[in-house]
Amino acid sequence: MRAALDAAGAAAAVGEVPVGAAVVRDGAIVAVAANAPRTLHDPTAHAEMLAIREAARILGRERLEDCDLWVTLEPCAMCAGAIAHARIARLYYGAGDPKGGAVEHGPRFFAQPTCHHRPEIYAGIGEAEAGTLLRDFFRERRG
């Protein structure tokens, strides 16, 4: 989670919503990414999407069934879909997201009968630091 939190801090430093993600395989980091929709002019450039894409590129395959995803914020529906399609084994996330989250909140993506792959889910890891990063970011934005 440390790498994901560091990526989230880097995102905040360039004006992106502070979310970071890391794909880990056999205890080693394969890819780390930070939110970049504004920077890349791409609404799909969430940290999870970028980390999954990079890990798939590095490993040379579309299925990451032997990988875990660590992310600082509860994934949205788009990212939950990518997690399922990538066959991520375990999802670890920090802060819950009552407004935009899709794992514990909202559509509860992985609980739907149409979801073909459900990762093991571990919530609340690094939650305090992730939450502080987000609260501070939005507090500064609101001035």
# chains A, B, ... in the order shown; residues from 1 in each chain; ligands from 1
call {"tool": "residues_around", "arguments": {"residues": "region 50-56 of chain A", "least_positions_apart": "5", "cutoff": "8 Å", "atoms": "only C-alpha atoms", "output": "NGL selection string"}}
result
:A and (21-23 or 30-35 or 45 or 61-64 or 82-83 or 86)
call {"tool": "write_last_selection", "arguments": {"atoms": "all heavy atoms", "output": "short mmCIF file (atom, residue, chain, number, x, y, z; two decimals), in the first residue's frame"}}
result
data_model
loop_
_atom_site.label_atom_id
_atom_site.label_comp_id
_atom_site.auth_asym_id
_atom_site.auth_seq_id
_atom_site.Cartn_x
_atom_site.Cartn_y
_atom_site.Cartn_z
N ALA A 21 -2.48 3.31 -7.22
CA ALA A 21 -2.70 1.87 -7.30
C ALA A 21 -1.40 1.16 -7.63
O ALA A 21 -0.53 1.72 -8.30
CB ALA A 21 -3.74 1.55 -8.37
N ALA A 22 -1.30 -0.07 -7.15
CA ALA A 22 -0.13 -0.90 -7.44
C ALA A 22 -0.59 -2.33 -7.70
O ALA A 22 -1.44 -2.86 -6.98
CB ALA A 22 0.86 -0.89 -6.28
N VAL A 23 -0.04 -2.93 -8.74
CA VAL A 23 -0.28 -4.35 -9.02
C VAL A 23 0.94 -5.10 -8.50
O VAL A 23 2.09 -4.74 -8.80
CB VAL A 23 -0.48 -4.61 -10.54
CG1 VAL A 23 -0.59 -6.10 -10.81
CG2 VAL A 23 -1.73 -3.88 -11.03
N VAL A 30 4.68 -4.95 -9.73
CA VAL A 30 4.78 -5.06 -11.19
C VAL A 30 4.55 -3.69 -11.82
O VAL A 30 5.24 -3.30 -12.76
CB VAL A 30 3.75 -6.07 -11.74
CG1 VAL A 30 3.79 -6.12 -13.26
CG2 VAL A 30 3.97 -7.45 -11.14
N ALA A 31 3.56 -2.96 -11.31
CA ALA A 31 3.22 -1.65 -11.88
C ALA A 31 2.61 -0.77 -10.81
O ALA A 31 1.89 -1.27 -9.94
CB ALA A 31 2.25 -1.81 -13.04
N VAL A 32 2.89 0.52 -10.88
CA VAL A 32 2.31 1.52 -9.98
C VAL A 32 1.80 2.65 -10.85
O VAL A 32 2.43 3.02 -11.84
CB VAL A 32 3.36 2.07 -8.99
CG1 VAL A 32 2.76 3.16 -8.11
CG2 VAL A 32 3.94 0.97 -8.14
N ALA A 33 0.65 3.19 -10.48
CA ALA A 33 0.09 4.31 -11.24
C ALA A 33 -0.69 5.24 -10.32
O ALA A 33 -1.15 4.83 -9.26
CB ALA A 33 -0.81 3.80 -12.36
N ALA A 34 -0.82 6.46 -10.78
CA ALA A 34 -1.60 7.47 -10.08
C ALA A 34 -2.72 7.94 -11.00
O ALA A 34 -2.61 7.83 -12.22
CB ALA A 34 -0.71 8.65 -9.71
N ASN A 35 -3.77 8.46 -10.41
CA ASN A 35 -4.85 9.04 -11.21
C ASN A 35 -4.28 10.05 -12.19
O ASN A 35 -3.40 10.84 -11.83
CB ASN A 35 -5.82 9.78 -10.28
CG ASN A 35 -7.11 9.04 -10.08
OD1 ASN A 35 -7.24 7.89 -10.43
ND2 ASN A 35 -8.08 9.72 -9.49
N ALA A 45 -8.53 7.22 -17.25
CA ALA A 45 -7.17 7.14 -16.70
C ALA A 45 -7.17 7.15 -15.17
O ALA A 45 -6.44 7.90 -14.53
CB ALA A 45 -6.31 8.27 -17.26
N ARG A 61 0.31 -10.34 -20.97
CA ARG A 61 -0.95 -11.09 -21.00
C ARG A 61 -2.09 -10.25 -20.43
O ARG A 61 -1.85 -9.32 -19.68
CB ARG A 61 -0.82 -12.40 -20.23
CG ARG A 61 -0.30 -12.25 -18.81
CD ARG A 61 0.13 -13.61 -18.27
NE ARG A 61 0.93 -13.47 -17.07
CZ ARG A 61 0.45 -13.53 -15.84
NH1 ARG A 61 -0.84 -13.71 -15.63
NH2 ARG A 61 1.24 -13.41 -14.81
N GLU A 62 -3.30 -10.60 -20.83
CA GLU A 62 -4.46 -9.82 -20.40
C GLU A 62 -5.03 -10.28 -19.08
O GLU A 62 -5.79 -9.56 -18.43
CB GLU A 62 -5.56 -9.81 -21.47
CG GLU A 62 -6.36 -11.09 -21.59
CD GLU A 62 -5.70 -12.18 -22.40
OE1 GLU A 62 -4.52 -12.06 -22.79
OE2 GLU A 62 -6.38 -13.20 -22.65
N ARG A 63 -4.72 -11.48 -18.65
CA ARG A 63 -5.22 -12.00 -17.39
C ARG A 63 -4.14 -11.95 -16.33
O ARG A 63 -3.02 -12.41 -16.54
CB ARG A 63 -5.73 -13.43 -17.56
CG ARG A 63 -6.91 -13.46 -18.51
CD ARG A 63 -7.96 -14.38 -18.03
NE ARG A 63 -9.16 -14.23 -18.86
CZ ARG A 63 -9.99 -15.20 -19.11
NH1 ARG A 63 -9.75 -16.41 -18.63
NH2 ARG A 63 -11.06 -14.98 -19.83
N LEU A 64 -4.52 -11.38 -15.20
CA LEU A 64 -3.57 -11.18 -14.10
C LEU A 64 -4.02 -11.98 -12.88
O LEU A 64 -4.03 -11.49 -11.76
CB LEU A 64 -3.49 -9.68 -13.78
CG LEU A 64 -3.13 -8.77 -14.95
CD1 LEU A 64 -3.19 -7.31 -14.55
CD2 LEU A 64 -1.76 -9.12 -15.52
N ALA A 82 -12.86 -3.66 -14.76
CA ALA A 82 -11.51 -3.99 -15.25
C ALA A 82 -10.85 -5.03 -14.34
O ALA A 82 -10.17 -5.94 -14.82
CB ALA A 82 -10.66 -2.73 -15.34
N ILE A 83 -11.06 -4.91 -13.03
CA ILE A 83 -10.50 -5.87 -12.07
C ILE A 83 -11.06 -7.26 -12.37
O ILE A 83 -10.31 -8.25 -12.39
CB ILE A 83 -10.81 -5.42 -10.63
CG1 ILE A 83 -10.00 -4.16 -10.29
CG2 ILE A 83 -10.55 -6.54 -9.64
CD1 ILE A 83 -10.50 -3.41 -9.06
N ALA A 86 -9.66 -8.58 -15.71
CA ALA A 86 -8.24 -8.94 -15.59
C ALA A 86 -8.04 -10.16 -14.70
O ALA A 86 -6.94 -10.70 -14.62
CB ALA A 86 -7.45 -7.75 -15.03
#
call {"tool": "residues_around", "arguments": {"residues": "Val19 (chain A)", "least_positions_apart": "4", "cutoff": "10 Å", "atoms": "only C-alpha atoms", "output": "ChimeraX atom specification"}}
result
/A:4-12,33-36,46-48,71-75,94,130,133-134
call {"tool": "write_last_selection", "arguments": {"atoms": "all heavy atoms", "output": "compact mmCIF listing (two decimals), in the first residue's frame"}}
result
# COMPACT_ATOMS: atom_id res chain seq x y z
N ALA A 4 1.21 2.67 -3.45
CA ALA A 4 -0.05 3.27 -3.91
C ALA A 4 -0.27 4.62 -3.23
O ALA A 4 -0.68 5.59 -3.88
CB ALA A 4 -1.22 2.33 -3.65
N LEU A 5 0.00 4.70 -1.94
CA LEU A 5 -0.16 5.97 -1.22
C LEU A 5 0.82 7.02 -1.74
O LEU A 5 0.46 8.19 -1.89
CB LEU A 5 0.02 5.75 0.28
CG LEU A 5 -1.14 5.03 0.98
CD1 LEU A 5 -0.70 4.51 2.34
CD2 LEU A 5 -2.34 5.94 1.09
N ASP A 6 2.05 6.61 -2.04
CA ASP A 6 3.02 7.55 -2.60
C ASP A 6 2.57 8.05 -3.97
O ASP A 6 2.70 9.23 -4.29
CB ASP A 6 4.41 6.90 -2.70
CG ASP A 6 5.05 6.68 -1.34
OD1 ASP A 6 4.57 7.24 -0.32
OD2 ASP A 6 6.03 5.91 -1.28
N ALA A 7 2.00 7.16 -4.78
CA ALA A 7 1.48 7.55 -6.09
C ALA A 7 0.31 8.51 -5.93
O ALA A 7 0.18 9.48 -6.69
CB ALA A 7 1.06 6.32 -6.89
N ALA A 8 -0.54 8.27 -4.94
CA ALA A 8 -1.66 9.18 -4.68
C ALA A 8 -1.16 10.57 -4.31
O ALA A 8 -1.69 11.58 -4.79
CB ALA A 8 -2.55 8.62 -3.56
N GLY A 9 -0.12 10.63 -3.49
CA GLY A 9 0.46 11.93 -3.13
C GLY A 9 1.03 12.64 -4.34
O GLY A 9 0.87 13.86 -4.50
N ALA A 10 1.66 11.88 -5.24
CA ALA A 10 2.19 12.47 -6.47
C ALA A 10 1.06 12.99 -7.36
O ALA A 10 1.20 14.05 -8.00
CB ALA A 10 3.03 11.43 -7.23
N ALA A 11 -0.06 12.29 -7.40
CA ALA A 11 -1.21 12.75 -8.18
C ALA A 11 -1.70 14.09 -7.64
O ALA A 11 -1.95 15.03 -8.41
CB ALA A 11 -2.33 11.72 -8.14
N ALA A 12 -1.83 14.19 -6.33
CA ALA A 12 -2.29 15.44 -5.71
C ALA A 12 -1.36 16.59 -6.05
O ALA A 12 -1.82 17.72 -6.31
CB ALA A 12 -2.41 15.27 -4.20
N ALA A 33 0.65 3.19 -10.48
CA ALA A 33 0.09 4.31 -11.24
C ALA A 33 -0.69 5.24 -10.32
O ALA A 33 -1.15 4.83 -9.26
CB ALA A 33 -0.81 3.80 -12.36
N ALA A 34 -0.82 6.46 -10.78
CA ALA A 34 -1.60 7.47 -10.08
C ALA A 34 -2.72 7.94 -11.00
O ALA A 34 -2.61 7.83 -12.22
CB ALA A 34 -0.71 8.65 -9.71
N ASN A 35 -3.77 8.46 -10.41
CA ASN A 35 -4.85 9.04 -11.21
C ASN A 35 -4.28 10.05 -12.19
O ASN A 35 -3.40 10.84 -11.83
CB ASN A 35 -5.82 9.78 -10.28
CG ASN A 35 -7.11 9.04 -10.08
OD1 ASN A 35 -7.24 7.89 -10.43
ND2 ASN A 35 -8.08 9.72 -9.49
N ALA A 36 -4.78 10.04 -13.43
CA ALA A 36 -4.26 10.98 -14.44
C ALA A 36 -5.30 11.39 -15.47
O ALA A 36 -4.94 11.70 -16.60
CB ALA A 36 -3.04 10.37 -15.12
N HIS A 46 -7.99 6.28 -14.59
CA HIS A 46 -7.98 6.10 -13.14
C HIS A 46 -6.73 5.30 -12.78
O HIS A 46 -6.22 4.52 -13.60
CB HIS A 46 -9.21 5.36 -12.68
CG HIS A 46 -10.48 6.15 -12.79
ND1 HIS A 46 -11.64 5.76 -12.18
CD2 HIS A 46 -10.76 7.31 -13.43
CE1 HIS A 46 -12.59 6.64 -12.44
NE2 HIS A 46 -12.08 7.59 -13.21
N ALA A 47 -6.26 5.46 -11.57
CA ALA A 47 -5.04 4.77 -11.14
C ALA A 47 -5.12 3.27 -11.36
O ALA A 47 -4.16 2.65 -11.85
CB ALA A 47 -4.77 5.08 -9.66
N GLU A 48 -6.27 2.67 -11.03
CA GLU A 48 -6.43 1.23 -11.19
C GLU A 48 -6.29 0.82 -12.65
O GLU A 48 -5.62 -0.16 -12.98
CB GLU A 48 -7.80 0.76 -10.70
CG GLU A 48 -8.09 1.06 -9.25
CD GLU A 48 -8.88 2.35 -9.08
OE1 GLU A 48 -8.36 3.44 -9.39
OE2 GLU A 48 -10.02 2.27 -8.62
N VAL A 71 -5.06 -0.40 -3.91
CA VAL A 71 -5.52 0.92 -4.33
C VAL A 71 -5.96 1.72 -3.11
O VAL A 71 -6.48 1.16 -2.14
CB VAL A 71 -6.62 0.81 -5.42
CG1 VAL A 71 -7.83 0.08 -4.91
CG2 VAL A 71 -6.99 2.14 -5.99
N THR A 72 -5.75 3.01 -3.16
CA THR A 72 -6.00 3.85 -1.99
C THR A 72 -7.47 4.18 -1.77
O THR A 72 -7.86 4.54 -0.68
CB THR A 72 -5.21 5.17 -2.09
OG1 THR A 72 -5.58 5.87 -3.28
CG2 THR A 72 -3.71 4.89 -2.10
N LEU A 73 -8.30 4.03 -2.80
CA LEU A 73 -9.72 4.36 -2.70
C LEU A 73 -10.55 3.22 -3.29
O LEU A 73 -10.15 2.62 -4.30
CB LEU A 73 -10.01 5.66 -3.46
CG LEU A 73 -11.43 6.21 -3.42
CD1 LEU A 73 -11.81 6.63 -2.00
CD2 LEU A 73 -11.56 7.40 -4.37
N GLU A 74 -11.69 2.96 -2.70
CA GLU A 74 -12.60 1.95 -3.22
C GLU A 74 -12.84 2.16 -4.71
O GLU A 74 -13.21 3.25 -5.13
CB GLU A 74 -13.93 2.05 -2.47
CG GLU A 74 -15.00 1.11 -2.94
CD GLU A 74 -16.32 1.30 -2.21
OE1 GLU A 74 -16.38 2.08 -1.25
OE2 GLU A 74 -17.29 0.65 -2.62
N PRO A 75 -12.62 1.16 -5.53
CA PRO A 75 -12.79 1.30 -6.97
C PRO A 75 -14.22 1.64 -7.39
O PRO A 75 -15.19 1.20 -6.78
CB PRO A 75 -12.39 -0.07 -7.52
CG PRO A 75 -11.44 -0.61 -6.49
CD PRO A 75 -12.02 -0.14 -5.18
N GLY A 94 -7.94 1.14 0.48
CA GLY A 94 -7.89 1.97 1.68
C GLY A 94 -9.24 2.53 2.06
O GLY A 94 -10.04 1.87 2.71
N ALA A 130 -5.02 7.44 3.35
CA ALA A 130 -5.71 7.67 2.08
C ALA A 130 -6.82 8.70 2.26
O ALA A 130 -6.99 9.61 1.45
CB ALA A 130 -6.29 6.36 1.55
N LEU A 133 -5.35 12.24 2.66
CA LEU A 133 -4.93 12.77 1.36
C LEU A 133 -6.12 13.33 0.58
O LEU A 133 -6.06 14.44 0.03
CB LEU A 133 -4.27 11.68 0.51
CG LEU A 133 -2.81 11.36 0.75
CD1 LEU A 133 -2.43 10.07 0.04
CD2 LEU A 133 -1.94 12.50 0.29
N LEU A 134 -7.20 12.58 0.55
CA LEU A 134 -8.40 13.00 -0.20
C LEU A 134 -9.05 14.22 0.45
O LEU A 134 -9.38 15.20 -0.23
CB LEU A 134 -9.40 11.85 -0.29
CG LEU A 134 -9.00 10.74 -1.25
CD1 LEU A 134 -9.69 9.44 -0.91
CD2 LEU A 134 -9.29 11.16 -2.68
call {"tool": "residues_around", "arguments": {"residues": "Ala77 (chain A)", "least_positions_apart": "5", "cutoff": "12 Å", "atoms": "only C-alpha atoms", "output": "ChimeraX atom specification"}}
result
/A:44,46,48-49,82-84,97,99-110,112,115
call {"tool": "atom_distance", "arguments": {"atom1": "CA of Gly126 (chain A)", "atom2": "CA of Val17 (chain A)"}}
result
16.8 Å
call {"tool": "closest_residue", "arguments": {"among": "A:Pro43, A:Ala3, A:Arg142, A:Thr114", "to": "Cys79 (chain A)", "atoms": "only C-alpha atoms"}}
result
A:Pro43
